[in-house]
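Visitor: Got a structure for you, questions after.
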Amino acid sequence: MSSCVFTRASSSGFSQCKHFTNSLDKVSISQVDKRFFTPSFSKFDVVNMQKNNVIIAATETASARTLGLALALDDGTRKSHSVAENTSFVTGFFKGIATKESFAQLVSGLYFVYTAMETSFENTKDADVKALDMPELRRVSSLEKDMEYFYGEDWKIKVQPSASVRKYVERINTVAETEPTLLIAHQYTRYLGDLFGGQMMGGMATRTLKLEDGKGITFYQFDDIPDAKAFIEVWYTKLNALKLTDKQKQDIVDEANLVFALNIELFSELDGSAFSSVFALAWSALKEKFGFK
C-alpha cells in the first residue's frame, strides 16, 4: 500500500499523485471529486480537515508482481531475457516453425521436461512448491495428446529425449532430491511463459504448419484459465506470501537464470535453431502484459 496527496491543478481537477511529505498540500473542499482520481486507487480517506481545506489521501493497491520475490525474479532474470531476445528473433522464429518436424521436436522435448517437473511437484513434501502447484497449469496430459498427434499411438516407445533435454531433466531431478524449494524457479520460468505465449504460439503454429484445427497445440491451450493476467496475479500473490529466507529467495533467482539457460539450449538444438526466440517471444508477451521493462 502507498499513500498519496492530490493537489488542485485547476478549477476542474487535481494533479498527479504526490507522495506524502512533511508539508502536506491542501485542496479546496469544493474541489474534492473522486472522478479525477486514477482508477487504480481503491480507497479514499480524508486525513485532515481545517475549515474549508481538506487533505485527500488515496491508498493504492500495488500489483503483486511489483513486490517481494515476484519482483526479485523479474529483476534478477532480466539479463537472461535480453540474451534470448537478441537471438535472431523474428527470422529465427519463422524458420523454426517452417516444418512439422521441428515443431514436433519441440513438443517432445517439452514432454520430457514437464513429466520430470510435474512428477517432482507431485512427489515433493515441500509445502512452498505445493502452494504454487496449481492444477490449472499442469501440462503433461496436454503434451501426451500432442505427442500422439505428431508421432502416432506408439510414440512412447519410439521417441527419446535429446542430449539437452536429458541435461534439463537431470537438473530437475537433482533439485527435487537435494533442494526442492528451487523447483519454484522451474514453475516460474516455464509456466508463466507458456501461459502468456501459448495463445500466440498455438495460433502461429496452426497457420504456418497448416495443422488441423486445434490439433498438435493442446499444450498451448489453458482451457481452465479464462483470464491469464488475473490468474498470474493470484500466482504471484501466493509466491510473495511464502515464508522464505533471503538466501532461499536469491537461490531461487539464481536457479531461474539456470532454467532459462537450459531452455535456450533445448531450443537451440531444434531444427533451424529457432526456438530460443520462441521462448523469448513468450516471455516478451508476459512482460508486455504486466508492463515489465
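FYI, nothing fancy with the C-alpha cells labels: chains A, B, ... in order, residues from 1 per chain, ligands from 1 as they appear.
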Using only C-alpha atoms, which residues sit within 8 Å of A:Leu132 once same-chain residues fewer than 2 positions away are excluded, as an mmCIF file with N, CA and C atoms, in the first residue's frame?
Guide:
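And here is the file that came out, result32.cif:
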data_model
loop_
_atom_site.group_PDB
_atom_site.id
_atom_site.type_symbol
_atom_site.label_atom_id
_atom_site.label_comp_id
_atom_site.auth_asym_id
_atom_site.auth_seq_id
_atom_site.Cartn_x
_atom_site.Cartn_y
_atom_site.Cartn_z
ATOM 1 N N ASP A 128 6.058 -25.126 0.120
ATOM 2 C CA ASP A 128 6.081 -23.935 -0.729
ATOM 3 C C ASP A 128 5.856 -24.297 -2.196
ATOM 4 N N VAL A 129 6.484 -25.360 -2.633
ATOM 5 C CA VAL A 129 6.281 -25.833 -4.006
ATOM 6 C C VAL A 129 4.839 -26.271 -4.190
ATOM 7 N N LYS A 130 4.309 -26.975 -3.209
ATOM 8 C CA LYS A 130 2.920 -27.430 -3.268
ATOM 9 C C LYS A 130 1.952 -26.253 -3.397
ATOM 10 N N MET A 134 -0.473 -25.309 -9.018
ATOM 11 C CA MET A 134 -1.907 -25.163 -9.268
ATOM 12 C C MET A 134 -2.326 -26.075 -10.425
ATOM 13 N N ILE A 184 10.589 -23.999 -7.401
ATOM 14 C CA ILE A 184 9.802 -22.785 -7.624
ATOM 15 C C ILE A 184 10.326 -22.036 -8.845
ATOM 16 N N GLN A 187 8.879 -23.653 -11.873
ATOM 17 C CA GLN A 187 7.476 -23.276 -12.041
ATOM 18 C C GLN A 187 7.365 -21.883 -12.658
ATOM 19 N N TRP A 235 -1.157 -16.090 -8.700
ATOM 20 C CA TRP A 235 0.040 -16.924 -8.534
ATOM 21 C C TRP A 235 1.167 -16.117 -7.890
ATOM 22 N N LYS A 238 0.546 -15.603 -4.194
ATOM 23 C CA LYS A 238 0.923 -16.803 -3.441
ATOM 24 C C LYS A 238 2.447 -16.897 -3.302
ATOM 25 N N LEU A 239 3.157 -16.577 -4.381
ATOM 26 C CA LEU A 239 4.620 -16.608 -4.365
ATOM 27 C C LEU A 239 5.166 -15.655 -3.303
#
Visitor: From the DSSP assignment of the backbone, select every residue of stretch 58-262 of chain A that is helix (DSSP H, G or I), and format the answer as a VMD selection string.
Guide: chain A and resid 64 to 66 68 to 76 78 to 85 89 to 96 100 to 123 127 to 132 135 to 137 140 to 151 155 to 158 163 to 178 180 to 209 218 to 220 228 to 240 246 to 262
Visitor: I need the chosen residues saved as a short mmCIF file (atom, residue, chain, number, x, y, z; two decimals), in the first residue's frame, with C-alpha atoms.
Guide:
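For reference, selection_14.cif as written:
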data_model
loop_
_atom_site.label_atom_id
_atom_site.label_comp_id
_atom_site.auth_asym_id
_atom_site.auth_seq_id
_atom_site.Cartn_x
_atom_site.Cartn_y
_atom_site.Cartn_z
CA ALA A 64 1.87 -8.48 -6.70
CA ARG A 65 4.43 -8.54 -9.49
CA THR A 66 5.92 -5.28 -8.19
CA GLY A 68 8.75 -9.34 -2.99
CA LEU A 69 10.05 -12.44 -4.70
CA ALA A 70 7.97 -11.77 -7.82
CA LEU A 71 9.84 -8.52 -8.38
CA ALA A 72 13.18 -10.10 -7.44
CA LEU A 73 12.69 -12.85 -10.03
CA ASP A 74 11.83 -10.39 -12.79
CA ASP A 75 14.74 -8.09 -11.96
CA GLY A 76 17.13 -10.96 -11.34
CA ARG A 78 16.38 -9.53 -16.79
CA LYS A 79 19.77 -10.28 -18.37
CA SER A 80 18.64 -13.79 -19.31
CA HIS A 81 15.58 -12.34 -21.01
CA SER A 82 17.75 -9.96 -23.03
CA VAL A 83 20.12 -12.72 -24.16
CA ALA A 84 17.25 -14.78 -25.53
CA GLU A 85 15.51 -11.82 -27.13
CA PHE A 89 14.39 -13.10 -33.03
CA VAL A 90 11.98 -12.70 -35.96
CA THR A 91 13.74 -14.66 -38.72
CA GLY A 92 14.68 -17.44 -36.35
CA PHE A 93 11.15 -17.86 -35.12
CA PHE A 94 9.64 -18.26 -38.58
CA LYS A 95 12.42 -20.60 -39.66
CA GLY A 96 11.77 -22.80 -36.67
CA LYS A 100 6.19 -30.08 -38.58
CA GLU A 101 9.37 -31.97 -37.72
CA SER A 102 10.96 -29.06 -35.87
CA PHE A 103 7.73 -28.26 -34.06
CA ALA A 104 7.23 -31.92 -33.12
CA GLN A 105 10.78 -31.95 -31.78
CA LEU A 106 9.91 -29.03 -29.53
CA VAL A 107 6.79 -30.81 -28.28
CA SER A 108 8.75 -33.98 -27.49
CA GLY A 109 11.40 -32.04 -25.57
CA LEU A 110 8.77 -30.25 -23.52
CA TYR A 111 7.00 -33.55 -22.80
CA PHE A 112 10.09 -35.00 -21.09
CA VAL A 113 10.78 -31.74 -19.23
CA TYR A 114 7.23 -31.38 -17.95
CA THR A 115 7.00 -35.02 -16.99
CA ALA A 116 10.06 -34.55 -14.78
CA MET A 117 8.73 -31.26 -13.40
CA GLU A 118 5.24 -32.41 -12.57
CA THR A 119 6.38 -35.74 -11.17
CA SER A 120 8.63 -33.76 -8.83
CA PHE A 121 5.78 -31.45 -7.85
CA GLU A 122 3.59 -34.46 -7.13
CA ASN A 123 6.18 -36.25 -5.01
CA ALA A 127 4.97 -27.01 1.23
CA ASP A 128 6.08 -23.93 -0.73
CA VAL A 129 6.28 -25.83 -4.01
CA LYS A 130 2.92 -27.43 -3.27
CA ALA A 131 1.37 -24.00 -2.70
CA LEU A 132 2.32 -22.90 -6.22
CA PRO A 135 -3.74 -27.88 -11.25
CA GLU A 136 -4.81 -25.43 -13.97
CA LEU A 137 -1.16 -25.12 -15.01
CA VAL A 140 1.67 -33.34 -19.21
CA SER A 141 -1.77 -34.62 -20.21
CA SER A 142 -1.96 -31.97 -22.94
CA LEU A 143 1.51 -32.84 -24.20
CA GLU A 144 0.56 -36.52 -24.39
CA LYS A 145 -2.22 -35.62 -26.83
CA ASP A 146 0.18 -33.57 -28.94
CA MET A 147 2.75 -36.37 -28.92
CA GLU A 148 0.19 -38.82 -30.25
CA TYR A 149 -0.81 -36.37 -32.97
CA PHE A 150 2.77 -35.90 -34.20
CA TYR A 151 4.23 -39.36 -33.60
CA TRP A 155 5.04 -42.56 -29.56
CA LYS A 156 6.13 -43.71 -26.10
CA ILE A 157 8.35 -46.44 -27.50
CA LYS A 158 9.89 -44.56 -30.39
CA ALA A 163 21.07 -34.55 -25.06
CA SER A 164 19.92 -31.08 -23.97
CA VAL A 165 16.59 -32.46 -22.76
CA ARG A 166 18.36 -35.14 -20.71
CA LYS A 167 20.53 -32.44 -19.13
CA TYR A 168 17.45 -30.38 -18.29
CA VAL A 169 15.60 -33.37 -16.80
CA GLU A 170 18.66 -34.32 -14.75
CA ARG A 171 18.74 -30.84 -13.23
CA ILE A 172 15.06 -31.05 -12.28
CA ASN A 173 15.57 -34.43 -10.64
CA THR A 174 18.66 -33.28 -8.76
CA VAL A 175 16.92 -30.19 -7.39
CA ALA A 176 13.85 -32.20 -6.40
CA GLU A 177 16.03 -34.55 -4.39
CA THR A 178 18.54 -32.15 -2.83
CA PRO A 180 13.20 -28.93 -3.59
CA THR A 181 12.44 -25.28 -2.87
CA LEU A 182 14.37 -24.45 -6.04
CA LEU A 183 11.59 -26.12 -8.02
CA ILE A 184 9.80 -22.79 -7.62
CA ALA A 185 12.22 -21.36 -10.19
CA HIS A 186 11.14 -24.06 -12.65
CA GLN A 187 7.48 -23.28 -12.04
CA TYR A 188 8.09 -19.57 -12.56
CA THR A 189 10.24 -19.81 -15.68
CA ARG A 190 8.21 -22.34 -17.63
CA TYR A 191 4.60 -21.90 -16.61
CA LEU A 192 4.42 -18.11 -16.90
CA GLY A 193 6.00 -18.03 -20.34
CA ASP A 194 3.75 -20.86 -21.53
CA LEU A 195 0.64 -19.19 -20.21
CA PHE A 196 1.20 -15.82 -21.84
CA GLY A 197 2.88 -17.04 -25.02
CA GLY A 198 0.61 -20.01 -25.55
CA GLN A 199 -2.27 -18.48 -27.47
CA MET A 200 0.09 -16.69 -29.85
CA MET A 201 2.34 -19.71 -30.36
CA GLY A 202 -0.51 -22.11 -30.92
CA GLY A 203 -2.18 -19.85 -33.45
CA MET A 204 1.01 -19.21 -35.40
CA ALA A 205 1.92 -22.89 -35.50
CA THR A 206 -1.56 -23.84 -36.71
CA ARG A 207 -1.49 -21.31 -39.52
CA THR A 208 2.13 -21.78 -40.59
CA LEU A 209 2.19 -25.58 -40.44
CA THR A 218 -3.10 -28.70 -26.92
CA PHE A 219 -0.06 -27.79 -24.83
CA TYR A 220 -0.71 -24.10 -25.53
CA ALA A 228 -4.37 -15.32 -17.77
CA LYS A 229 -3.42 -11.95 -16.31
CA ALA A 230 -5.71 -12.34 -13.30
CA PHE A 231 -4.50 -15.89 -12.75
CA ILE A 232 -0.85 -14.86 -12.75
CA GLU A 233 -1.63 -12.07 -10.29
CA VAL A 234 -3.01 -14.73 -7.94
CA TRP A 235 0.04 -16.92 -8.53
CA TYR A 236 2.39 -14.02 -7.79
CA THR A 237 0.46 -13.23 -4.63
CA LYS A 238 0.92 -16.80 -3.44
CA LEU A 239 4.62 -16.61 -4.37
CA ASN A 240 5.15 -13.43 -2.34
CA ASP A 246 16.72 -14.05 1.88
CA LYS A 247 19.17 -16.78 0.91
CA GLN A 248 16.38 -19.02 -0.34
CA LYS A 249 14.98 -16.19 -2.43
CA GLN A 250 18.36 -15.47 -4.00
CA ASP A 251 18.91 -19.17 -4.69
CA ILE A 252 15.55 -19.29 -6.49
CA VAL A 253 16.53 -16.30 -8.62
CA ASP A 254 19.85 -17.98 -9.47
CA GLU A 255 18.06 -21.21 -10.35
CA ALA A 256 15.64 -19.31 -12.59
CA ASN A 257 18.59 -17.98 -14.59
CA LEU A 258 19.92 -21.53 -14.92
CA VAL A 259 16.50 -22.76 -16.05
CA PHE A 260 16.40 -20.02 -18.64
CA ALA A 261 19.80 -21.17 -19.95
CA LEU A 262 18.61 -24.79 -20.07
#
Visitor: Report, in Å to a single decimal, how far apart atom CA of A:Leu266 and atom CA of A:Gln160 are.
Guide: 13.8 Å
Visitor: Could you tell me how far atom CA of A:Asp213 sits from atom CA of A:Leu270, in Å to one decimal place?
Guide: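 Atom CA of A:Asp213 lies 24.0 Å from atom CA of A:Leu270.
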Visitor: Can you pull out every residue from stretch 57-260 of chain A that DSSP, working from the backbone, puts in strand (DSSP E or B), and format the result as a PyMOL selection string?
Guide: chain A and resi 57-60
Visitor: So what do you get for atom CA of A:Asp224 versus atom CA of A:Thr99, distance-wise?
Guide: 29.5 Å
